[in-house]
Amino acid sequence: MIRVLCLCLACCLFASSALARDVEVMRLTSAPADNTLASVRTAEATAWVEADAIRKQEQPTWWRLQIAPGADTSTEWIVALKETYDAELVAYLPPEYRAQPISIFDPAWQQIGSRHRLSLRLAGNDASAPIYLQLFNGRQQPMQVSAAPLADYIAVDLDRVRFTSMILSALLLLGVVAAVYSVALRQWHLLLFGAWVMSAVIYVLVMSGEIVALLGDSPLLRHAMRLLALSINLGMVAVYIFIIRFLSIREHYPRLARVMYTILGVIVLLIGVSILDPRTLIANQFVNIAVVVLALLSLGVAAGRARAGSVHAWFFLGGWGCLTFAGMTRAMYFLQYRGTPDWLEIAHPSAQVLGALVLVLATARAVRHAERELLMARRVAATDALTRLPNRNQFDDDLAELVQQAEEDDQQLSVMFLDLDHFKAINDRHGHAIGDRCLVLVGNILRRHVRASDLIVRYGGEEFVLALEGAGRERGMAAAEELRLAVEQEGREIEGRAVHLTVSIGLTDYRAGDQVESLLTRADAALYRAKREGRNRLAVDLST
């Protein structure tokens with residue numbers, strides 16, 4: 001994906017620089033008294049001053065656009081205005097020079113190509129004639145002007161449309177992935193990230209003019225810039241709340257987290273101002289400054305966390321760093337009223353896709369890592385550290401399943417309690433290390449003599465419990481006797497010391513209506529009977 005974005009970036013920049021032609025931009029310094037086109041056209045040459053772009057003035061202004069000499073008059077030409085957005089413009093095109101209100105967001109305007117640029121069409125023999133524009137209102141940002149032959153303009157415009165379509169497709173896909181992750185993995189903070197992705201989608205739709213094709217004649221189209229201001233501001237609030245959690249800023253830098261939350265709170269208050277008037281200078285400039293401040297703070301935290309070994313932080317620096325650079329650069333251009341250069345027009349949405357992709361991958365990795373740690377913790381919690389056998393934590397639930405299966409399928413089930421004989425005396429005589437070796441030995445013997453479907457646990461201290469699935473009393477007795485003999489034979493000597501290890505076993509089998517408690521109670525009673533009768537023996541529950 002990154003290679004495709006870079007290729008599109010290179011192609012679009014090359015095409016734009018190769019095909020654009022200089023256009024003379026002149027501003028009328030003082031409007032005539034009657035403010036008519038006829039008076040404007042007859043204004044003295046000294047009344048016109050050269051400008052680098054069309055810019056908003058304190059009063060409505062007249063502008064004259066003229067393609068540089070040498071234009072090919074055998075083909076039609078397109079004069080393109082960049083970043084006009086919601087500017088109120090009236091165009092006078094040759095040869096009729098009749099007033100035509102023009103706007104990117106006006107579906108009635110017969111636009112040539114897409115709405116990435118506001119295009120004015122000239123016949124070949126009119127290529128050398130001037131175009132007059134009247135600017136009534138607009139933003140502080142400059143409107144750059146360029147010209148190209150019709151065929152060349154359409155070719156470049158098609159590249160822009162392809163690029164925008166790719167960006168929108170990638171963002172929508174990543175937004176859907178984030179939403180699926182948030183629901184499937186119960187990572188609800190991903191919804192904040194998804195909100196930012198959708199705000200980026202709206203940003204691209206509005207800035208490229210594609211919102212016109214989406215909304216058609218909807219009244220919402222008149223408020224496209226208000227929609228953009230609302231979505232991008234809310235998206236920024238959402239994503240920085242997500243970043244504060246993603247980088248664990250509140251846990252590691254609580255004071256900094258409070259500062260960032262305060263900045264976000266002020267932005268929320270100014271969102272209402274932007275909705276009422278998207279051109280308001282204070283709100284827009286503060287948002288641009290806030291982007292720079294929050295971006296620098298986030299990068300600083302990420303750098304610190306990366307040095308501390310946080311993989312999350314490295315992901316953030318790798319992906320979000322590119323977007324931060326593009327966003328800060330764009331904000332600086334806007335703060336200086338320089339508009340958006342061609343390369344940044346491509347780089348900024350590309351960085352949005354890259355940043356979104358990296359954060360989705362990082363979040364997925366974090367979730368998988370957390371799941372592995374949780375699974376490991378559960379395994380550790382359910383496993384006896386000494387014998388590596390399951391412990392009592394999961395025993396009741398596992399035995400309950402075997403009991404339920406025996407009841408539903410009318411299967412047999414045998415349960416036995418094993419207890420090491422004179423274990424305290426072995427510990428006292430030979431030390432706890434030998435006592436631990438006795439427990440490990442019995443655990444290994446039990447592991448060798450049971451099936452994978454059987455349940456075996458270290459119940460506590462020197463006690464073990466076995467549940468033999470599908471085994472009746474006779475089979476259970478045979479298995480218990482085999483275990484008793486194995487312990488007696490293998491436990492005579494441990495590490496050169498005569499311990500004469502033996503076990504006592506109490507056995508019972510499943511009866512209709514049994515619960516876990518009743519089975520264990522009977523097996524435990526049989527075990528104590530085996531102890532009373534002299535140990536190193538099997539006692540079978542004979543109760544009815």
# chains A, B, ... in the order shown; residues from 1 in each chain; ligands from 1
call {"tool": "residues_around", "arguments": {"residues": "stretch 54-57 of chain A", "least_positions_apart": "6", "cutoff": "12 Å", "atoms": "only C-alpha atoms", "output": "CSV table (one decimal) with N, CA, C and O atoms, in the first residue's frame"}}
result
chain,number,residue,atom,x,y,z
A,23,VAL,N,-0.2,31.7,-15.0
A,23,VAL,CA,-1.4,32.6,-15.2
A,23,VAL,C,-1.1,33.9,-14.5
A,23,VAL,O,-0.7,33.9,-13.3
A,24,GLU,N,-1.2,35.0,-15.2
A,24,GLU,CA,-1.0,36.3,-14.6
A,24,GLU,C,-2.3,36.6,-13.8
A,24,GLU,O,-3.4,36.6,-14.2
A,25,VAL,N,-2.0,36.9,-12.5
A,25,VAL,CA,-3.1,37.2,-11.6
A,25,VAL,C,-2.9,38.7,-11.2
A,25,VAL,O,-1.9,39.1,-10.6
A,26,MET,N,-3.9,39.5,-11.5
A,26,MET,CA,-3.9,40.9,-11.2
A,26,MET,C,-5.1,41.3,-10.3
A,26,MET,O,-6.2,40.8,-10.5
A,27,ARG,N,-4.9,42.2,-9.3
A,27,ARG,CA,-5.9,42.7,-8.5
A,27,ARG,C,-6.2,44.2,-8.7
A,27,ARG,O,-5.2,44.9,-8.8
A,28,LEU,N,-7.5,44.5,-8.8
A,28,LEU,CA,-7.8,45.9,-9.0
A,28,LEU,C,-7.7,46.6,-7.6
A,28,LEU,O,-8.4,46.2,-6.7
A,29,THR,N,-6.9,47.6,-7.5
A,29,THR,CA,-6.7,48.2,-6.2
A,29,THR,C,-7.9,49.0,-5.7
A,29,THR,O,-8.1,49.1,-4.5
A,30,SER,N,-8.6,49.6,-6.6
A,30,SER,CA,-9.8,50.4,-6.2
A,30,SER,C,-10.9,50.2,-7.1
A,30,SER,O,-10.8,50.4,-8.3
A,63,TRP,N,-10.6,40.8,-9.8
A,63,TRP,CA,-9.4,40.1,-10.1
A,63,TRP,C,-9.4,39.8,-11.6
A,63,TRP,O,-10.5,39.6,-12.2
A,64,ARG,N,-8.2,39.9,-12.2
A,64,ARG,CA,-8.1,39.6,-13.6
A,64,ARG,C,-7.1,38.5,-13.8
A,64,ARG,O,-6.0,38.5,-13.3
A,65,LEU,N,-7.5,37.4,-14.5
A,65,LEU,CA,-6.7,36.3,-14.8
A,65,LEU,C,-6.4,36.2,-16.3
A,65,LEU,O,-7.3,36.3,-17.1
A,80,ALA,N,-7.7,26.8,-13.7
A,80,ALA,CA,-8.1,26.1,-12.5
A,80,ALA,C,-7.8,26.9,-11.2
A,80,ALA,O,-6.7,27.5,-11.1
A,81,LEU,N,-8.8,27.0,-10.3
A,81,LEU,CA,-8.6,27.7,-9.0
A,81,LEU,C,-8.6,26.6,-7.9
A,81,LEU,O,-9.5,25.8,-7.8
A,82,LYS,N,-7.5,26.7,-7.1
A,82,LYS,CA,-7.3,25.7,-6.1
A,82,LYS,C,-7.8,26.3,-4.7
A,82,LYS,O,-7.5,27.4,-4.4
A,83,GLU,N,-8.5,25.4,-3.9
A,83,GLU,CA,-8.9,25.7,-2.6
A,83,GLU,C,-9.8,26.9,-2.5
A,83,GLU,O,-9.6,27.8,-1.7
A,84,THR,N,-10.8,27.0,-3.4
A,84,THR,CA,-11.8,28.0,-3.3
A,84,THR,C,-12.8,27.7,-2.2
A,84,THR,O,-13.4,28.7,-1.6
A,86,ASP,N,-15.6,27.5,0.2
A,86,ASP,CA,-16.9,28.3,0.3
A,86,ASP,C,-16.7,29.7,-0.1
A,86,ASP,O,-17.6,30.6,0.3
A,87,ALA,N,-15.8,30.1,-0.9
A,87,ALA,CA,-15.6,31.5,-1.4
A,87,ALA,C,-16.8,31.9,-2.3
A,87,ALA,O,-17.3,31.0,-3.0
A,88,GLU,N,-17.2,33.1,-2.1
A,88,GLU,CA,-18.3,33.6,-3.0
A,88,GLU,C,-17.7,34.4,-4.1
A,88,GLU,O,-17.2,35.5,-4.0
A,89,LEU,N,-17.8,33.7,-5.3
A,89,LEU,CA,-17.1,34.2,-6.5
A,89,LEU,C,-18.1,34.4,-7.6
A,89,LEU,O,-19.1,33.6,-7.8
A,132,TYR,N,-12.3,37.8,-15.7
A,132,TYR,CA,-12.5,38.7,-14.6
A,132,TYR,C,-13.3,37.9,-13.5
A,132,TYR,O,-14.3,37.2,-13.8
A,133,LEU,N,-12.9,38.1,-12.3
A,133,LEU,CA,-13.5,37.5,-11.1
A,133,LEU,C,-13.8,38.6,-10.1
A,133,LEU,O,-13.1,39.5,-9.9
A,134,GLN,N,-15.0,38.4,-9.5
A,134,GLN,CA,-15.4,39.3,-8.4
A,134,GLN,C,-15.5,38.4,-7.1
A,134,GLN,O,-16.2,37.5,-7.0
A,135,LEU,N,-14.6,38.7,-6.1
A,135,LEU,CA,-14.6,38.0,-4.9
A,135,LEU,C,-15.3,38.8,-3.8
A,135,LEU,O,-14.9,39.9,-3.4
A,136,PHE,N,-16.4,38.2,-3.3
A,136,PHE,CA,-17.2,38.9,-2.3
A,136,PHE,C,-16.8,38.4,-0.9
A,136,PHE,O,-16.8,39.2,0.1
A,137,ASN,N,-16.5,37.2,-0.7
A,137,ASN,CA,-16.2,36.6,0.6
A,137,ASN,C,-15.4,35.4,0.5
A,137,ASN,O,-15.4,34.7,-0.6
A,138,GLY,N,-14.6,35.0,1.5
A,138,GLY,CA,-13.8,33.8,1.4
A,138,GLY,C,-13.0,33.7,2.6
A,138,GLY,O,-13.1,34.4,3.6
A,139,ARG,N,-12.1,32.7,2.6
A,139,ARG,CA,-11.2,32.5,3.7
A,139,ARG,C,-9.9,33.3,3.5
A,139,ARG,O,-9.6,33.8,2.5
A,140,GLN,N,-9.1,33.3,4.6
A,140,GLN,CA,-7.8,34.0,4.5
A,140,GLN,C,-6.8,33.2,3.6
A,140,GLN,O,-5.8,33.8,3.2
A,141,GLN,N,-7.0,31.9,3.4
A,141,GLN,CA,-6.1,31.1,2.6
A,141,GLN,C,-6.1,31.5,1.2
A,141,GLN,O,-7.1,31.9,0.6
A,142,PRO,N,-4.9,31.5,0.5
A,142,PRO,CA,-4.9,32.0,-0.9
A,142,PRO,C,-5.5,30.9,-1.8
A,142,PRO,O,-5.5,29.7,-1.5
A,143,MET,N,-6.0,31.4,-3.0
A,143,MET,CA,-6.5,30.5,-4.0
A,143,MET,C,-5.5,30.5,-5.2
A,143,MET,O,-5.5,31.5,-5.9
A,144,GLN,N,-4.8,29.5,-5.3
A,144,GLN,CA,-3.8,29.4,-6.4
A,144,GLN,C,-4.4,29.2,-7.7
A,144,GLN,O,-5.5,28.6,-7.8
A,145,VAL,N,-3.8,29.8,-8.8
A,145,VAL,CA,-4.4,29.7,-10.1
A,145,VAL,C,-3.4,29.0,-11.1
A,145,VAL,O,-2.2,29.3,-11.0
A,146,SER,N,-3.9,28.1,-11.9
A,146,SER,CA,-3.0,27.5,-12.9
A,146,SER,C,-3.9,27.3,-14.2
A,146,SER,O,-5.1,27.4,-14.2
A,279,ARG,N,-15.6,30.3,9.0
A,279,ARG,CA,-14.5,31.2,8.6
A,279,ARG,C,-13.9,31.9,9.8
A,279,ARG,O,-12.9,32.7,9.7
A,337,TYR,N,-1.0,31.6,6.2
A,337,TYR,CA,-1.8,31.9,5.1
A,337,TYR,C,-1.1,31.6,3.7
A,337,TYR,O,-1.1,32.5,2.8
A,338,ARG,N,-0.6,30.4,3.6
A,338,ARG,CA,0.1,30.1,2.4
A,338,ARG,C,-0.6,29.0,1.6
A,338,ARG,O,-0.1,28.5,0.6
A,339,GLY,N,-1.8,28.5,2.1
A,339,GLY,CA,-2.5,27.5,1.4
A,339,GLY,C,-1.8,26.1,1.6
A,339,GLY,O,-0.9,25.9,2.4
call {"tool": "residues_around", "arguments": {"residues": "stretch 494-502 of chain A", "least_positions_apart": "6", "cutoff": "10 Å", "atoms": "only C-alpha atoms", "output": "PDB file with N, CA and C atoms, in the first residue's frame"}}
result
ATOM      1  N   ASP A 419      -3.514 -39.890  48.950  1.00  0.00           N
ATOM      2  CA  ASP A 419      -2.817 -39.118  49.971  1.00  0.00           C
ATOM      3  C   ASP A 419      -1.504 -39.825  50.300  1.00  0.00           C
ATOM      4  N   LEU A 420      -0.391 -39.073  50.303  1.00  0.00           N
ATOM      5  CA  LEU A 420       0.906 -39.662  50.612  1.00  0.00           C
ATOM      6  C   LEU A 420       0.966 -40.027  52.097  1.00  0.00           C
ATOM      7  N   ASP A 421       1.374 -41.244  52.375  1.00  0.00           N
ATOM      8  CA  ASP A 421       1.438 -41.727  53.758  1.00  0.00           C
ATOM      9  C   ASP A 421       2.664 -41.163  54.473  1.00  0.00           C
ATOM     10  N   HIS A 422       2.431 -40.730  55.716  1.00  0.00           N
ATOM     11  CA  HIS A 422       3.509 -40.256  56.592  1.00  0.00           C
ATOM     12  C   HIS A 422       4.335 -39.160  55.913  1.00  0.00           C
ATOM     13  N   PHE A 423       3.670 -38.291  55.177  1.00  0.00           N
ATOM     14  CA  PHE A 423       4.406 -37.266  54.431  1.00  0.00           C
ATOM     15  C   PHE A 423       5.084 -36.267  55.376  1.00  0.00           C
ATOM     16  N   ALA A 425       6.276 -36.870  58.287  1.00  0.00           N
ATOM     17  CA  ALA A 425       7.468 -37.512  58.855  1.00  0.00           C
ATOM     18  C   ALA A 425       8.618 -37.499  57.846  1.00  0.00           C
ATOM     19  N   ILE A 426       8.312 -37.689  56.564  1.00  0.00           N
ATOM     20  CA  ILE A 426       9.360 -37.641  55.534  1.00  0.00           C
ATOM     21  C   ILE A 426       9.969 -36.245  55.469  1.00  0.00           C
ATOM     22  N   ASN A 427       9.135 -35.222  55.527  1.00  0.00           N
ATOM     23  CA  ASN A 427       9.639 -33.843  55.524  1.00  0.00           C
ATOM     24  C   ASN A 427      10.528 -33.583  56.734  1.00  0.00           C
ATOM     25  N   ARG A 429      12.181 -35.770  58.588  1.00  0.00           N
ATOM     26  CA  ARG A 429      13.393 -36.579  58.627  1.00  0.00           C
ATOM     27  C   ARG A 429      14.383 -36.203  57.534  1.00  0.00           C
ATOM     28  N   HIS A 430      13.874 -35.943  56.322  1.00  0.00           N
ATOM     29  CA  HIS A 430      14.771 -35.751  55.178  1.00  0.00           C
ATOM     30  C   HIS A 430      14.781 -34.315  54.647  1.00  0.00           C
ATOM     31  N   ILE A 434      13.383 -33.162  49.805  1.00  0.00           N
ATOM     32  CA  ILE A 434      13.022 -34.558  49.522  1.00  0.00           C
ATOM     33  C   ILE A 434      11.511 -34.690  49.490  1.00  0.00           C
ATOM     34  N   GLY A 435      10.819 -33.953  50.355  1.00  0.00           N
ATOM     35  CA  GLY A 435       9.358 -33.989  50.333  1.00  0.00           C
ATOM     36  C   GLY A 435       8.815 -33.503  48.995  1.00  0.00           C
ATOM     37  N   ARG A 437      10.408 -33.713  46.170  1.00  0.00           N
ATOM     38  CA  ARG A 437      10.729 -34.749  45.180  1.00  0.00           C
ATOM     39  C   ARG A 437       9.706 -35.881  45.245  1.00  0.00           C
ATOM     40  N   CYS A 438       9.184 -36.157  46.446  1.00  0.00           N
ATOM     41  CA  CYS A 438       8.135 -37.183  46.570  1.00  0.00           C
ATOM     42  C   CYS A 438       6.864 -36.760  45.842  1.00  0.00           C
ATOM     43  N   LEU A 441       7.450 -37.056  42.138  1.00  0.00           N
ATOM     44  CA  LEU A 441       7.431 -38.459  41.729  1.00  0.00           C
ATOM     45  C   LEU A 441       6.003 -38.961  41.572  1.00  0.00           C
ATOM     46  N   VAL A 442       5.160 -38.690  42.564  1.00  0.00           N
ATOM     47  CA  VAL A 442       3.767 -39.139  42.485  1.00  0.00           C
ATOM     48  C   VAL A 442       3.056 -38.468  41.309  1.00  0.00           C
ATOM     49  N   ARG A 484      -1.048 -47.487  43.184  1.00  0.00           N
ATOM     50  CA  ARG A 484      -0.487 -47.744  44.514  1.00  0.00           C
ATOM     51  C   ARG A 484       0.790 -48.561  44.429  1.00  0.00           C
ATOM     52  N   LEU A 485       0.798 -49.585  43.597  1.00  0.00           N
ATOM     53  CA  LEU A 485       1.986 -50.424  43.449  1.00  0.00           C
ATOM     54  C   LEU A 485       3.137 -49.647  42.820  1.00  0.00           C
ATOM     55  N   ALA A 486       2.827 -48.788  41.826  1.00  0.00           N
ATOM     56  CA  ALA A 486       3.883 -48.012  41.163  1.00  0.00           C
ATOM     57  C   ALA A 486       4.557 -47.078  42.156  1.00  0.00           C
ATOM     58  N   VAL A 487       3.774 -46.434  43.042  1.00  0.00           N
ATOM     59  CA  VAL A 487       4.362 -45.535  44.028  1.00  0.00           C
ATOM     60  C   VAL A 487       5.203 -46.321  45.029  1.00  0.00           C
ATOM     61  N   GLU A 488       4.705 -47.472  45.434  1.00  0.00           N
ATOM     62  CA  GLU A 488       5.442 -48.284  46.408  1.00  0.00           C
ATOM     63  C   GLU A 488       6.780 -48.751  45.839  1.00  0.00           C
ATOM     64  N   ARG A 535      -3.004 -47.780  56.037  1.00  0.00           N
ATOM     65  CA  ARG A 535      -2.316 -47.061  54.964  1.00  0.00           C
ATOM     66  C   ARG A 535      -1.781 -48.028  53.906  1.00  0.00           C
ATOM     67  N   ASN A 536      -1.231 -47.395  52.816  1.00  0.00           N
ATOM     68  CA  ASN A 536      -0.712 -48.136  51.666  1.00  0.00           C
ATOM     69  C   ASN A 536      -1.728 -49.145  51.168  1.00  0.00           C
ATOM     70  N   ARG A 537      -2.917 -48.683  51.003  1.00  0.00           N
ATOM     71  CA  ARG A 537      -3.977 -49.572  50.551  1.00  0.00           C
ATOM     72  C   ARG A 537      -5.071 -48.779  49.846  1.00  0.00           C
TER      73      ARG A 537
END
call {"tool": "residues_around", "arguments": {"residues": "A:Gly113", "least_positions_apart": "5", "cutoff": "12 Å", "atoms": "only C-alpha atoms", "output": "PyMOL selection string"}}
result
chain A and resi 78+80+104+118-121+150-161+208-210
call {"tool": "closest_residue", "arguments": {"among": "A:Leu247, A:Ile505, A:Ala179, A:Ala479", "to": "A:Gly300", "atoms": "only C-alpha atoms"}}
result
A:Leu247
call {"tool": "atom_distance", "arguments": {"atom1": "atom CA of A:Glu408", "atom2": "atom CA of A:Ala471"}}
result
15.6 Å
